[in-house]
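Source file: upload-v2.txt; contents: compact mmCIF, C-alpha atoms.
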```txt
# COMPACT_ATOMS: atom_id res chain seq x y z
CA MET E 56 -4.02 -53.45 -35.03
CA ARG E 57 -7.20 -53.63 -32.99
CA HIS E 58 -7.71 -52.12 -29.54
CA LYS E 59 -10.56 -52.36 -27.10
CA VAL E 60 -12.89 -49.39 -26.91
CA GLU E 61 -12.69 -47.76 -23.49
CA ILE E 62 -15.07 -45.43 -21.68
CA PRO E 63 -13.24 -42.16 -20.87
CA HIS E 64 -12.47 -41.53 -17.18
CA ALA E 65 -13.75 -44.97 -16.18
CA GLU E 66 -12.16 -47.82 -14.24
CA GLN E 67 -13.18 -51.15 -12.80
CA TRP E 68 -12.04 -53.62 -10.17
CA MET E 69 -13.22 -56.80 -8.46
CA VAL E 70 -14.11 -56.96 -4.78
CA HIS E 71 -15.28 -59.67 -2.38
CA SER E 72 -17.87 -58.71 0.21
CA GLN E 73 -16.63 -59.20 3.75
CA ALA E 74 -19.76 -60.76 5.21
CA GLU E 75 -20.55 -63.38 2.56
CA ASN E 76 -17.44 -63.38 0.34
CA ARG E 77 -19.51 -62.64 -2.76
CA LEU E 78 -17.63 -61.35 -5.80
CA TYR E 79 -18.63 -58.07 -7.47
CA GLN E 80 -17.27 -56.17 -10.46
CA ILE E 81 -17.28 -52.47 -9.59
CA MET E 82 -17.24 -49.97 -12.47
CA VAL E 83 -16.77 -46.26 -11.81
CA ALA E 84 -16.87 -43.31 -14.19
CA GLN E 85 -16.14 -39.78 -13.02
CA PRO E 86 -16.63 -36.49 -14.86
CA ALA E 87 -13.79 -34.73 -16.64
CA GLU E 88 -14.79 -31.51 -14.88
CA ASP E 89 -13.40 -30.58 -11.47
CA PRO E 90 -15.84 -31.40 -8.67
CA PRO E 91 -17.90 -28.62 -7.09
CA PRO E 92 -16.99 -27.64 -3.50
CA SER E 93 -19.64 -30.01 -2.16
CA GLY E 94 -18.37 -32.93 -4.27
CA TYR E 95 -19.99 -34.83 -7.12
CA PRO E 96 -23.48 -36.30 -6.90
CA VAL E 97 -23.30 -40.08 -7.25
CA ILE E 98 -25.54 -42.71 -8.82
CA TYR E 99 -25.18 -46.32 -7.66
CA LEU E 100 -26.24 -48.47 -10.60
CA LEU E 101 -27.38 -52.10 -10.33
CA ASP E 102 -26.94 -54.62 -13.18
CA ALA E 103 -23.95 -52.59 -14.36
CA ASN E 104 -23.00 -55.24 -16.93
CA SER E 105 -26.11 -54.27 -18.90
CA VAL E 106 -26.44 -50.50 -18.56
CA PHE E 107 -23.23 -48.92 -17.22
CA GLY E 108 -22.13 -47.60 -20.62
CA THR E 109 -25.62 -46.28 -21.40
CA MET E 110 -25.82 -44.40 -18.10
CA VAL E 111 -22.29 -42.99 -18.30
CA GLU E 112 -22.69 -41.69 -21.85
CA ALA E 113 -26.11 -40.19 -21.09
CA VAL E 114 -24.67 -38.24 -18.16
CA ARG E 115 -21.50 -37.28 -20.05
CA LEU E 116 -23.46 -35.83 -22.97
CA GLN E 117 -26.29 -34.16 -21.09
CA SER E 118 -24.17 -32.67 -18.30
CA ARG E 119 -22.24 -30.49 -20.74
CA ARG E 120 -25.08 -27.95 -20.64
CA PRO E 121 -26.84 -28.35 -17.28
CA GLU E 122 -28.83 -25.17 -17.78
CA LYS E 123 -30.36 -26.67 -20.94
CA THR E 124 -30.64 -30.36 -20.04
CA GLY E 125 -31.25 -30.29 -16.30
CA VAL E 126 -28.32 -32.68 -15.67
CA VAL E 127 -25.15 -31.86 -13.71
CA PRO E 128 -21.95 -33.96 -13.84
CA ALA E 129 -21.98 -36.97 -11.54
CA ILE E 130 -20.01 -40.07 -10.62
CA ILE E 131 -21.56 -43.35 -11.76
CA VAL E 132 -20.79 -46.39 -9.62
CA GLY E 133 -21.85 -49.60 -11.35
CA ILE E 134 -22.25 -52.82 -9.40
CA GLY E 135 -21.96 -55.87 -11.63
CA TYR E 136 -20.56 -59.38 -11.81
CA GLN E 137 -17.69 -61.26 -13.43
CA THR E 138 -19.44 -62.00 -16.71
CA GLU E 139 -19.55 -60.79 -20.28
CA GLU E 140 -23.31 -61.35 -20.36
CA PRO E 141 -25.70 -58.45 -19.64
CA TYR E 142 -27.17 -60.25 -16.62
CA ALA E 143 -25.78 -62.75 -14.11
CA PRO E 144 -27.76 -65.32 -12.10
CA GLU E 145 -26.23 -63.92 -8.89
CA ARG E 146 -28.62 -60.98 -9.16
CA PHE E 147 -31.50 -63.23 -8.07
CA TYR E 148 -29.84 -63.60 -4.67
CA ASP E 149 -28.65 -60.03 -4.24
CA PHE E 150 -31.84 -58.27 -5.31
CA THR E 151 -34.53 -60.36 -3.57
CA PRO E 152 -35.40 -59.87 0.13
CA ILE E 153 -36.79 -63.41 0.50
CA PRO E 154 -37.20 -66.38 -1.86
CA THR E 155 -40.31 -65.95 -3.97
CA THR E 156 -43.36 -67.97 -2.97
CA GLU E 157 -45.22 -67.17 -6.20
CA TYR E 158 -42.82 -68.73 -8.71
CA HIS E 159 -41.06 -72.08 -8.84
CA GLN E 160 -39.11 -71.91 -12.09
CA LYS E 161 -37.94 -69.56 -14.82
CA PRO E 162 -40.15 -68.96 -17.89
CA ASP E 163 -38.01 -71.48 -19.80
CA GLY E 164 -38.76 -74.15 -17.19
CA THR E 165 -35.31 -74.20 -15.54
CA ALA E 166 -34.83 -73.94 -11.79
CA LEU E 167 -34.62 -70.55 -10.12
CA PRO E 168 -31.22 -69.47 -8.76
CA GLU E 169 -30.69 -68.95 -5.04
CA GLN E 170 -32.60 -65.97 -3.63
CA GLY E 171 -33.06 -63.94 -0.47
CA GLY E 172 -29.81 -61.99 -0.03
CA ALA E 173 -31.02 -58.38 -0.32
CA ALA E 174 -30.24 -57.54 3.32
CA ALA E 175 -26.63 -58.66 2.95
CA PHE E 176 -26.29 -56.88 -0.40
CA LEU E 177 -27.61 -53.60 1.01
CA ASN E 178 -25.19 -53.97 3.91
CA PHE E 179 -22.33 -54.46 1.42
CA ILE E 180 -23.28 -51.23 -0.38
CA GLU E 181 -23.65 -49.24 2.84
CA GLU E 182 -20.80 -50.59 4.94
CA GLU E 183 -18.17 -51.51 2.35
CA LEU E 184 -18.72 -49.99 -1.09
CA LYS E 185 -19.85 -46.50 -0.13
CA PRO E 186 -16.98 -45.84 2.32
CA HIS E 187 -14.48 -46.98 -0.31
CA ILE E 188 -15.99 -44.73 -2.99
CA GLU E 189 -16.07 -41.78 -0.58
CA ARG E 190 -12.39 -42.26 0.28
CA LYS E 191 -11.39 -42.47 -3.38
CA PHE E 192 -13.59 -39.75 -4.92
CA ARG E 193 -15.08 -36.43 -3.85
CA ILE E 194 -18.71 -37.33 -3.20
CA ASP E 195 -21.63 -35.14 -2.15
CA SER E 196 -23.18 -37.45 0.45
CA SER E 197 -26.38 -35.40 0.36
CA ARG E 198 -26.99 -36.30 -3.31
CA GLN E 199 -26.86 -40.09 -3.58
CA THR E 200 -29.07 -42.07 -5.95
CA ILE E 201 -29.69 -45.77 -6.47
CA PHE E 202 -30.96 -47.06 -9.83
CA GLY E 203 -32.36 -50.56 -10.33
CA HIS E 204 -34.49 -52.18 -13.02
CA SER E 205 -36.72 -55.29 -12.86
CA LEU E 206 -35.41 -57.32 -9.89
CA GLY E 207 -33.08 -54.37 -9.34
CA GLY E 208 -36.20 -52.21 -9.10
CA LEU E 209 -37.54 -54.58 -6.44
CA PHE E 210 -34.30 -54.15 -4.51
CA THR E 211 -34.51 -50.37 -4.87
CA LEU E 212 -37.94 -50.40 -3.23
CA TYR E 213 -36.68 -52.76 -0.52
CA ALA E 214 -33.83 -50.32 0.23
CA LEU E 215 -36.24 -47.38 0.33
CA PHE E 216 -38.63 -49.11 2.73
CA THR E 217 -36.02 -50.58 5.06
CA LYS E 218 -33.30 -47.89 5.03
CA PRO E 219 -34.71 -44.66 3.55
CA GLU E 220 -31.75 -42.61 4.78
CA ALA E 221 -29.30 -44.62 2.63
CA PHE E 222 -30.06 -42.54 -0.49
CA GLN E 223 -31.86 -39.32 -1.26
CA CYS E 224 -33.12 -40.49 -4.66
CA TYR E 225 -34.49 -43.91 -5.61
CA ILE E 226 -35.07 -44.98 -9.23
CA ALA E 227 -37.14 -48.17 -9.56
CA GLY E 228 -37.59 -49.19 -13.18
CA SER E 229 -40.21 -51.83 -14.01
CA PRO E 230 -39.90 -53.13 -10.44
CA SER E 231 -40.65 -56.84 -9.95
CA ILE E 232 -43.13 -56.20 -7.17
CA HIS E 233 -44.85 -59.50 -7.95
CA TRP E 234 -41.74 -61.44 -6.90
CA ASN E 235 -42.13 -60.66 -3.18
CA ARG E 236 -45.55 -58.99 -3.26
CA GLN E 237 -46.78 -59.66 0.28
CA TYR E 238 -43.39 -59.11 1.91
CA LEU E 239 -42.90 -55.83 0.09
CA LEU E 240 -46.37 -54.65 1.08
CA GLU E 241 -45.53 -55.30 4.73
CA GLN E 242 -42.29 -53.32 4.41
CA GLU E 243 -44.18 -50.51 2.68
CA GLN E 244 -46.65 -50.31 5.57
CA ASN E 245 -43.79 -50.18 8.08
CA PHE E 246 -42.14 -47.43 6.03
CA MET E 247 -45.32 -45.37 5.82
CA ALA E 248 -45.85 -45.64 9.57
CA HIS E 249 -42.24 -44.55 10.13
CA VAL E 250 -42.52 -41.55 7.80
CA LYS E 251 -45.74 -40.36 9.44
CA LYS E 252 -43.79 -40.15 12.70
CA LYS E 253 -40.53 -38.82 11.28
CA SER E 254 -40.32 -36.91 7.99
CA VAL E 255 -37.87 -37.91 5.27
CA ASN E 256 -36.10 -36.12 2.42
CA VAL E 257 -36.57 -38.69 -0.32
CA GLN E 258 -37.66 -38.77 -3.92
CA LEU E 259 -38.74 -41.82 -5.90
CA LEU E 260 -39.14 -42.30 -9.64
CA LEU E 261 -41.21 -45.32 -10.67
CA GLY E 262 -40.80 -45.88 -14.41
CA ILE E 263 -42.31 -48.61 -16.56
CA GLY E 264 -42.90 -49.38 -20.23
CA GLU E 265 -46.39 -48.93 -21.64
CA LEU E 266 -46.25 -52.38 -23.24
CA GLU E 267 -45.83 -53.98 -19.81
CA LYS E 268 -49.50 -53.28 -19.07
CA THR E 269 -50.53 -56.62 -20.52
CA HIS E 270 -47.97 -58.74 -18.63
CA ILE E 271 -49.40 -61.36 -16.30
CA SER E 272 -47.40 -59.98 -13.36
CA GLY E 273 -49.57 -56.86 -13.22
CA ASN E 274 -46.53 -54.78 -12.33
CA CYS E 275 -47.65 -51.76 -14.33
CA ASP E 276 -50.73 -51.45 -12.09
CA ASN E 277 -48.67 -52.44 -9.05
CA ALA E 278 -46.23 -49.57 -9.64
CA LYS E 279 -48.96 -47.05 -10.40
CA GLU E 280 -50.90 -47.98 -7.26
CA LEU E 281 -47.73 -47.83 -5.16
CA SER E 282 -47.03 -44.36 -6.53
CA ALA E 283 -50.49 -43.21 -5.48
CA ARG E 284 -50.10 -44.58 -1.95
CA LEU E 285 -46.66 -43.05 -1.40
CA SER E 286 -47.72 -39.69 -2.87
CA ALA E 287 -49.94 -39.31 0.19
CA LEU E 288 -46.70 -38.75 2.16
CA SER E 289 -45.75 -35.57 0.28
CA SER E 290 -46.18 -33.40 3.38
CA GLN E 291 -43.66 -35.67 5.18
CA GLY E 292 -40.96 -35.08 2.55
CA MET E 293 -41.73 -37.93 0.13
CA LYS E 294 -41.63 -36.85 -3.53
CA VAL E 295 -42.95 -39.45 -6.00
CA MET E 296 -43.13 -39.52 -9.79
CA PHE E 297 -44.76 -42.29 -11.83
CA LYS E 298 -43.78 -42.39 -15.49
CA GLN E 299 -45.16 -44.72 -18.16
CA PHE E 300 -43.08 -44.67 -21.34
CA GLU E 301 -45.10 -44.92 -24.55
CA GLY E 302 -44.29 -47.76 -26.90
CA GLU E 303 -41.66 -49.33 -24.63
CA GLY E 304 -41.47 -52.83 -23.17
CA HIS E 305 -39.69 -54.32 -20.17
CA VAL E 306 -36.20 -54.14 -21.69
CA SER E 307 -36.55 -51.45 -24.37
CA VAL E 308 -37.60 -48.96 -21.69
CA LEU E 309 -34.08 -48.80 -20.24
CA PRO E 310 -32.45 -46.04 -22.38
CA THR E 311 -35.54 -43.80 -22.07
CA LEU E 312 -35.80 -44.48 -18.35
CA ILE E 313 -32.12 -43.66 -17.86
CA SER E 314 -32.53 -40.31 -19.62
CA GLN E 315 -35.53 -39.48 -17.42
CA ALA E 316 -33.76 -40.74 -14.30
CA ILE E 317 -30.68 -38.55 -14.64
CA ARG E 318 -32.84 -35.44 -15.05
CA PHE E 319 -34.80 -36.53 -11.99
CA ALA E 320 -31.68 -37.16 -9.88
CA LEU E 321 -29.17 -34.61 -11.20
CA ASN E 322 -31.15 -31.41 -11.56
CA PRO E 323 -28.83 -28.38 -11.11
CA LYS E 324 -31.45 -26.56 -8.99
CA LYS E 325 -31.08 -29.06 -6.14
```
Once you've parsed the file, please lay out its structure as structure tokens.
Amino acid sequence: MRHKVEIPHAEQWMVHSQAENRLYQIMVAQPAEDPPPSGYPVIYLLDANSVFGTMVEAVRLQSRRPEKTGVVPAIIVGIGYQTEEPYAPERFYDFTPIPTTEYHQKPDGTALPEQGGAAAFLNFIEEELKPHIERKFRIDSSRQTIFGHSLGGLFTLYALFTKPEAFQCYIAGSPSIHWNRQYLLEQEQNFMAHVKKKSVNVQLLLGIGELEKTHISGNCDNAKELSARLSALSSQGMKVMFKQFEGEGHVSVLPTLISQAIRFALNPKK
């Protein structure tokens, strides 16, 4: 007799967003350990269909010895879609602030999916998903992280620039800055002007694969240059780390990035 393999202490459900009636598959894994008095830290994970299991197992293994690994137990909240594929076309809409002006088709020549729904998606996370998670689990609202890769990394930067108080830690892996380059630059400038007037308590990890340096998008340089600009805000509470992972490409970087990200976000000394 065969049975499906299950992730311990994990559950999932489907939810429609109130504003736009978009369907999401929510996956949540919580630690086996009792929560600390302040509640668990939480990581909100985009593209959960592709990396939820990787993230959950990395935290489960490394959080057994926080004093050795630098990782404390945390709740992982994955946001995905109703698909058995690692990626769904709906992500193009949810993760992009505006439709791209630089690209007109996918690399294979097919038409691009609908785009430009990042504002509504961020509102769904803030106004619907977070309150539900906080009612159901014991969450430390002062230790919230968002993790996104590729277009998800673009969305992570959009969230940072437009609503920096939403999370305390932002992980942008191989962010697709080229997709909305000019728009994102404008949002970055607004963010920097805001932070110079009012300090923040935010940390950002920009991670990218070394092999991405040769890609036509130029996103390796884009991310490195962004890191340098934002590092100038350190005295206003902005902590930035840029990490280039040797020998890794756009997709292969994910497991290494996840391991770095959880140490960045879940350090026991915080």
If the box runs along x, y and z of the file and leaves 5 Å on each side of region 252-255 of chain E, what are its centre and edge lengths in Å, one decimal, as JSON?
```
{"center_x": -40.8, "center_y": -38.5, "center_z": 9.0, "size_x": 15.9, "size_y": 13.2, "size_z": 17.4}
```
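Residues with any atom within 12 Å of the point (-50.3, -43.5, -9.0), counting all atoms listed in the file, are Leu260, Leu261, Gly262, Cys275, Asp276, Asn277, Ala278, Lys279, Glu280, Leu281, Ser282, Ala283, Arg284, Leu285, Ser286, Ala287, Val295, Met296, Phe297, Lys298 and Gln299 of chain E.
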**Report entry** Counting only C-alpha atoms, the option among E:Ile153, E:Val126, E:Val308, E:Leu177 closest to Tyr238 (chain E)
**Finding:** E:Ile153
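Among the candidates E:Phe176, E:Tyr225, E:Trp234, E:Trp68, the one nearest to Phe319 (chain E) when counting only C-alpha atoms is E:Tyr225.
The space between CA of Thr124 (chain E) and CA of Lys324 (chain E) spans 11.7 Å.
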Report task. Calculate how many Å separate CA of Glu265 (chain E) from CA of Gly302 (chain E), rounding to one decimal. Result -> 5.8 Å
Query raised in the report: So what do you get for CA of Leu266 (chain E) versus CA of Glu303 (chain E), distance-wise?
Result: 5.7 Å
